[in-house]
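Here is my_file-v7.cif, consisting of mmCIF, C-alpha atoms; chains and numbers go by the auth columns:
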```
data_coords
loop_
_atom_site.group_PDB
_atom_site.id
_atom_site.type_symbol
_atom_site.label_atom_id
_atom_site.label_comp_id
_atom_site.label_asym_id
_atom_site.label_seq_id
_atom_site.Cartn_x
_atom_site.Cartn_y
_atom_site.Cartn_z
_atom_site.B_iso_or_equiv
_atom_site.auth_seq_id
_atom_site.auth_asym_id
ATOM 1 C CA MET A 1 8.957 -46.629 -2.358 0.00 1 A
ATOM 2 C CA ILE A 2 12.122 -45.605 -0.544 0.00 2 A
ATOM 3 C CA PRO A 3 11.538 -44.054 2.876 0.00 3 A
ATOM 4 C CA SER A 4 12.468 -40.403 3.158 0.00 4 A
ATOM 5 C CA LEU A 5 16.214 -39.982 3.099 0.00 5 A
ATOM 6 C CA GLY A 6 17.918 -37.401 5.255 0.00 6 A
ATOM 7 C CA ALA A 7 20.180 -34.615 4.067 0.00 7 A
ATOM 8 C CA ILE A 8 23.519 -35.438 2.499 0.00 8 A
ATOM 9 C CA GLU A 9 25.879 -35.630 5.464 0.00 9 A
ATOM 10 C CA VAL A 10 29.305 -36.512 4.039 0.00 10 A
ATOM 11 C CA VAL A 11 30.939 -36.290 0.615 0.00 11 A
ATOM 12 C CA THR A 12 34.073 -38.439 0.384 0.00 12 A
ATOM 13 C CA LEU A 13 36.660 -37.365 -2.179 0.00 13 A
ATOM 14 C CA PHE A 14 39.276 -39.927 -3.224 0.00 14 A
ATOM 15 C CA VAL A 15 42.686 -38.256 -3.515 0.00 15 A
ATOM 16 C CA ASP A 16 46.013 -39.542 -4.807 0.00 16 A
ATOM 17 C CA ASP A 17 48.229 -36.990 -3.044 0.00 17 A
ATOM 18 C CA PHE A 18 46.627 -36.773 0.389 0.00 18 A
ATOM 19 C CA GLN A 19 49.113 -34.257 1.819 0.00 19 A
ATOM 20 C CA ALA A 20 48.842 -31.776 -1.077 0.00 20 A
ATOM 21 C CA THR A 21 45.055 -32.035 -1.202 0.00 21 A
ATOM 22 C CA ARG A 22 44.689 -31.660 2.560 0.00 22 A
ATOM 23 C CA ASP A 23 46.945 -28.596 2.496 0.00 23 A
ATOM 24 C CA PHE A 24 44.890 -27.140 -0.376 0.00 24 A
ATOM 25 C CA TYR A 25 41.633 -27.494 1.569 0.00 25 A
ATOM 26 C CA ARG A 26 43.151 -26.085 4.740 0.00 26 A
ATOM 27 C CA ASN A 27 44.605 -23.114 2.841 0.00 27 A
ATOM 28 C CA VAL A 28 41.815 -22.302 0.380 0.00 28 A
ATOM 29 C CA PHE A 29 38.671 -23.208 2.317 0.00 29 A
ATOM 30 C CA ALA A 30 39.930 -22.803 5.908 0.00 30 A
ATOM 31 C CA ALA A 31 37.465 -25.592 6.726 0.00 31 A
ATOM 32 C CA GLU A 32 37.337 -26.871 10.284 0.00 32 A
ATOM 33 C CA PRO A 33 38.862 -30.363 10.656 0.00 33 A
ATOM 34 C CA VAL A 34 36.690 -32.684 12.749 0.00 34 A
ATOM 35 C CA TYR A 35 38.696 -35.903 12.301 0.00 35 A
ATOM 36 C CA ALA A 36 42.090 -36.814 10.888 0.00 36 A
ATOM 37 C CA ASP A 37 44.386 -39.791 10.625 0.00 37 A
ATOM 38 C CA LYS A 38 47.241 -40.802 8.298 0.00 38 A
ATOM 39 C CA VAL A 39 44.981 -41.449 5.276 0.00 39 A
ATOM 40 C CA SER A 40 41.974 -39.162 5.745 0.00 40 A
ATOM 41 C CA GLU A 41 40.751 -35.849 7.029 0.00 41 A
ATOM 42 C CA VAL A 42 37.127 -34.857 7.555 0.00 42 A
ATOM 43 C CA LEU A 43 36.417 -31.152 7.194 0.00 43 A
ATOM 44 C CA LYS A 44 33.291 -29.265 8.196 0.00 44 A
ATOM 45 C CA PHE A 45 31.662 -27.065 5.532 0.00 45 A
ATOM 46 C CA GLY A 46 28.608 -25.613 7.252 0.00 46 A
ATOM 47 C CA GLY A 47 26.241 -28.566 7.653 0.00 47 A
ATOM 48 C CA LEU A 48 28.214 -30.811 5.277 0.00 48 A
ATOM 49 C CA LEU A 49 31.293 -32.893 6.002 0.00 49 A
ATOM 50 C CA VAL A 50 33.900 -33.420 3.267 0.00 50 A
ATOM 51 C CA ASN A 51 36.135 -36.444 3.783 0.00 51 A
ATOM 52 C CA LEU A 52 39.474 -36.400 1.956 0.00 52 A
ATOM 53 C CA LEU A 53 40.509 -40.047 1.641 0.00 53 A
ATOM 54 C CA GLN A 54 43.755 -41.439 0.241 0.00 54 A
ATOM 55 C CA SER A 55 42.602 -43.262 -2.904 0.00 55 A
ATOM 56 C CA THR A 56 44.479 -46.455 -1.958 0.00 56 A
ATOM 57 C CA GLU A 57 42.016 -46.801 0.945 0.00 57 A
ATOM 58 C CA ALA A 58 38.912 -46.352 -1.230 0.00 58 A
ATOM 59 C CA PRO A 59 38.482 -49.824 -2.817 0.00 59 A
ATOM 60 C CA GLU A 60 37.195 -51.282 0.448 0.00 60 A
ATOM 61 C CA LEU A 61 34.373 -48.709 0.454 0.00 61 A
ATOM 62 C CA VAL A 62 33.176 -49.170 -3.123 0.00 62 A
ATOM 63 C CA LYS A 63 33.966 -52.780 -4.091 0.00 63 A
ATOM 64 C CA PRO A 64 33.186 -54.405 -6.416 0.00 64 A
ATOM 65 C CA CYS A 65 33.255 -51.084 -8.320 0.00 65 A
ATOM 66 C CA PRO A 66 36.755 -49.915 -9.247 0.00 66 A
ATOM 67 C CA VAL A 67 38.179 -46.601 -8.079 0.00 67 A
ATOM 68 C CA ALA A 68 38.666 -44.505 -11.207 0.00 68 A
ATOM 69 C CA PRO A 69 42.069 -42.913 -11.737 0.00 69 A
ATOM 70 C CA ALA A 70 42.236 -39.121 -11.481 0.00 70 A
ATOM 71 C CA GLU A 71 43.255 -38.830 -15.146 0.00 71 A
ATOM 72 C CA SER A 72 39.989 -40.436 -16.285 0.00 72 A
ATOM 73 C CA GLY A 73 38.263 -37.025 -16.199 0.00 73 A
ATOM 74 C CA THR A 74 35.831 -35.073 -14.093 0.00 74 A
ATOM 75 C CA ARG A 75 32.638 -36.888 -13.141 0.00 75 A
ATOM 76 C CA MET A 76 31.075 -34.439 -10.704 0.00 76 A
ATOM 77 C CA LEU A 77 30.874 -30.766 -9.841 0.00 77 A
ATOM 78 C CA LEU A 78 30.560 -29.478 -6.276 0.00 78 A
ATOM 79 C CA THR A 79 28.808 -26.108 -6.114 0.00 79 A
ATOM 80 C CA VAL A 80 29.093 -23.586 -3.294 0.00 80 A
ATOM 81 C CA LYS A 81 26.630 -20.697 -3.165 0.00 81 A
ATOM 82 C CA VAL A 82 28.345 -17.332 -2.614 0.00 82 A
ATOM 83 C CA GLU A 83 27.226 -13.718 -2.314 0.00 83 A
ATOM 84 C CA ASN A 84 29.804 -12.304 -4.755 0.00 84 A
ATOM 85 C CA THR A 85 31.507 -14.530 -7.317 0.00 85 A
ATOM 86 C CA ASP A 86 34.022 -11.877 -8.364 0.00 86 A
ATOM 87 C CA ALA A 87 35.140 -11.238 -4.780 0.00 87 A
ATOM 88 C CA VAL A 88 35.553 -14.968 -4.131 0.00 88 A
ATOM 89 C CA CYS A 89 37.551 -15.331 -7.379 0.00 89 A
ATOM 90 C CA ALA A 90 39.882 -12.560 -6.197 0.00 90 A
ATOM 91 C CA ALA A 91 40.354 -14.334 -2.859 0.00 91 A
ATOM 92 C CA LEU A 92 41.028 -17.646 -4.631 0.00 92 A
ATOM 93 C CA ALA A 93 43.663 -15.945 -6.804 0.00 93 A
ATOM 94 C CA ARG A 94 45.393 -14.654 -3.655 0.00 94 A
ATOM 95 C CA HIS A 95 45.649 -18.314 -2.562 0.00 95 A
ATOM 96 C CA GLY A 96 47.210 -19.294 -5.890 0.00 96 A
ATOM 97 C CA VAL A 97 44.083 -20.983 -7.233 0.00 97 A
ATOM 98 C CA ILE A 98 43.804 -20.922 -11.033 0.00 98 A
ATOM 99 C CA LEU A 99 40.267 -20.822 -12.394 0.00 99 A
ATOM 100 C CA LEU A 100 39.169 -23.350 -14.989 0.00 100 A
ATOM 101 C CA ASN A 101 36.521 -20.921 -16.237 0.00 101 A
ATOM 102 C CA GLY A 102 34.580 -17.806 -15.283 0.00 102 A
ATOM 103 C CA PRO A 103 33.400 -15.697 -13.809 0.00 103 A
ATOM 104 C CA ILE A 104 30.575 -15.966 -16.313 0.00 104 A
ATOM 105 C CA ASP A 105 26.876 -15.123 -16.206 0.00 105 A
ATOM 106 C CA ARG A 106 24.837 -18.246 -16.951 0.00 106 A
ATOM 107 C CA PRO A 107 21.384 -18.147 -18.576 0.00 107 A
ATOM 108 C CA TRP A 108 19.853 -19.968 -15.577 0.00 108 A
ATOM 109 C CA GLY A 109 20.471 -17.011 -13.256 0.00 109 A
ATOM 110 C CA ARG A 110 23.895 -17.698 -11.756 0.00 110 A
ATOM 111 C CA ARG A 111 27.293 -16.049 -12.058 0.00 111 A
ATOM 112 C CA THR A 112 29.773 -18.911 -11.794 0.00 112 A
ATOM 113 C CA ALA A 113 33.449 -19.776 -11.810 0.00 113 A
ATOM 114 C CA ALA A 114 35.120 -23.176 -11.479 0.00 114 A
ATOM 115 C CA PHE A 115 38.445 -24.467 -10.157 0.00 115 A
ATOM 116 C CA ALA A 116 39.960 -27.849 -9.333 0.00 116 A
ATOM 117 C CA ASP A 117 41.649 -29.166 -6.209 0.00 117 A
ATOM 118 C CA PRO A 118 44.997 -31.013 -6.523 0.00 118 A
ATOM 119 C CA ALA A 119 43.154 -34.340 -6.890 0.00 119 A
ATOM 120 C CA GLY A 120 41.108 -33.043 -9.850 0.00 120 A
ATOM 121 C CA HIS A 121 37.761 -32.518 -8.085 0.00 121 A
ATOM 122 C CA VAL A 122 36.051 -29.518 -9.633 0.00 122 A
ATOM 123 C CA TRP A 123 34.390 -26.889 -7.480 0.00 123 A
ATOM 124 C CA GLU A 124 32.052 -24.196 -8.723 0.00 124 A
ATOM 125 C CA ILE A 125 31.188 -20.995 -6.925 0.00 125 A
ATOM 126 C CA ALA A 126 27.789 -19.590 -7.837 0.00 126 A
ATOM 127 C CA GLN A 127 26.091 -16.288 -7.124 0.00 127 A
ATOM 128 C CA GLU A 128 22.402 -15.756 -7.830 0.00 128 A
ATOM 129 C CA ILE A 129 21.786 -13.021 -10.409 0.00 129 A
ATOM 130 C CA PRO A 130 18.580 -11.707 -11.976 0.00 130 A
ATOM 131 C CA VAL A 131 17.593 -13.540 -15.147 0.00 131 A
ATOM 132 C CA ALA A 132 17.105 -11.133 -18.059 0.00 132 A
#
```
Would you mind writing the file out in structure tokens?
Amino acid sequence: MIPSLGAIEVVTLFVDDFQATRDFYRNVFAAEPVYADKVSEVLKFGGLLVNLLQSTEAPELVKPCPVAPAESGTRMLLTVKVENTDAVCAALARHGVILLNGPIDRPWGRRTAAFADPAGHVWEIAQEIPVA
């Protein structure tokens, strides 16, 4: 049996255009940077750190697994709980963010909408709603 693991501390996102992706996160999320160098920036999202890492630096971290190219498709969804999905969608639109889908009421009791960052990572915003 595996000993109890702690909370997820850092999510590292591999990005092809580091500058554009960093600017997106600074503009859209206004997340607090806690570390930065020429190929990465770590941003604080509440109790979670998100590390934006230039994809050319990633092989060292995951070898012998290959780093998948961005055009290979989405393989994960990062969800952020919000109080009001529609209000957040309006704010995203003011920042030039184009939604992939939503807002839509889901049968599992969430109102969601999704969008992608410049590197293709998909984010979902989700508001709890009463299930009918």
Taking only C-alpha atoms into account, which of A:Thr79, A:Ala114, A:Phe14, A:Cys89 comes nearest Pro59 of chain A?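 Closest to Pro59 of chain A, using only C-alpha atoms: A:Phe14.
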How many Å separate atom CA of Met76 of chain A from atom CA of Ile98 of chain A?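 Taking atom CA of Met76 of chain A as the start and atom CA of Ile98 of chain A as the end point, the length is 18.6 Å.
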Expected selection from the PyMOL selection byres ((chain A and resi 68) around 12), given as a PyMOL selection string: chain A and resi 13-16+55-56+58-59+62-63+65-67+69-75+119-120
Which residues come within 12 Å of Ala7 of chain A, counting all atoms listed in the file, excluding same-chain residues fewer than 3 positions away, as a PyMOL selection string? chain A and resi 4+10-11+47-49
Write out as a compact mmCIF listing (two decimals) with C-alpha atoms, in the frame of the given file which residues come within 9 Å of segment 99-110 of chain A when counting only C-alpha atoms, dropping same-chain ones fewer than 4 positions away.
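Full text of result.txt as output:
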```
# COMPACT_ATOMS: atom_id res chain seq x y z
CA THR A 85 31.51 -14.53 -7.32
CA ASP A 86 34.02 -11.88 -8.36
CA CYS A 89 37.55 -15.33 -7.38
CA LEU A 92 41.03 -17.65 -4.63
CA ALA A 93 43.66 -15.94 -6.80
CA ALA A 114 35.12 -23.18 -11.48
CA PHE A 115 38.44 -24.47 -10.16
CA ALA A 116 39.96 -27.85 -9.33
CA VAL A 122 36.05 -29.52 -9.63
CA ILE A 125 31.19 -21.00 -6.92
CA ALA A 126 27.79 -19.59 -7.84
CA GLN A 127 26.09 -16.29 -7.12
CA GLU A 128 22.40 -15.76 -7.83
CA ILE A 129 21.79 -13.02 -10.41
CA PRO A 130 18.58 -11.71 -11.98
CA VAL A 131 17.59 -13.54 -15.15
CA ALA A 132 17.10 -11.13 -18.06
```
Between A:Lys81, A:Leu52, A:Val42, A:Glu60, which residue has the minimum interatomic distance to His121 of chain A, considering all atoms listed in the file? A:Leu52
Excluding segment 19-27 of chain A and residues on its chain fewer than 4 positions from it, collect all residues at most 7 Å away from it, counting only C-alpha atoms, and give them as a VMD selection string. chain A and resid 31 117 to 119
For a quick check of understanding, using all atoms listed in the file, which of A:Ala113, A:Leu53, A:Val34, A:Val97 has the smallest distance to Asp17 of chain A?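 Result for the nearest residue to Asp17 of chain A: A:Leu53.
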Could you work out an axis-aligned bounding box for all listed atoms of segment 53-62 of chain A, with 6 Å added on each of the six sides, and give its centre and edge lengths in Å to one decimal, as lines of an AutoDock Vina configuration file?
```
center_x = 38.8
center_y = -45.7
center_z = -0.7
size_x = 23.3
size_y = 23.2
size_z = 16.8
```
Under the rule that only C-alpha atoms are counted, which of A:Thr12, A:Val82, A:Glu57, A:Arg111 is the nearest residue to Leu43 of chain A? A:Thr12
What does the distance from atom CA of Phe45 of chain A to atom CA of Glu124 of chain A come to in Å, to one decimal?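 Atom-to-atom, atom CA of Phe45 of chain A to atom CA of Glu124 of chain A, that is 14.5 Å.
Checking A:Arg94, A:Trp123, A:Thr112, A:Ser40 one by one against Phe18 of chain A, counting all atoms listed in the file, you find the shortest gap at A:Ser40.
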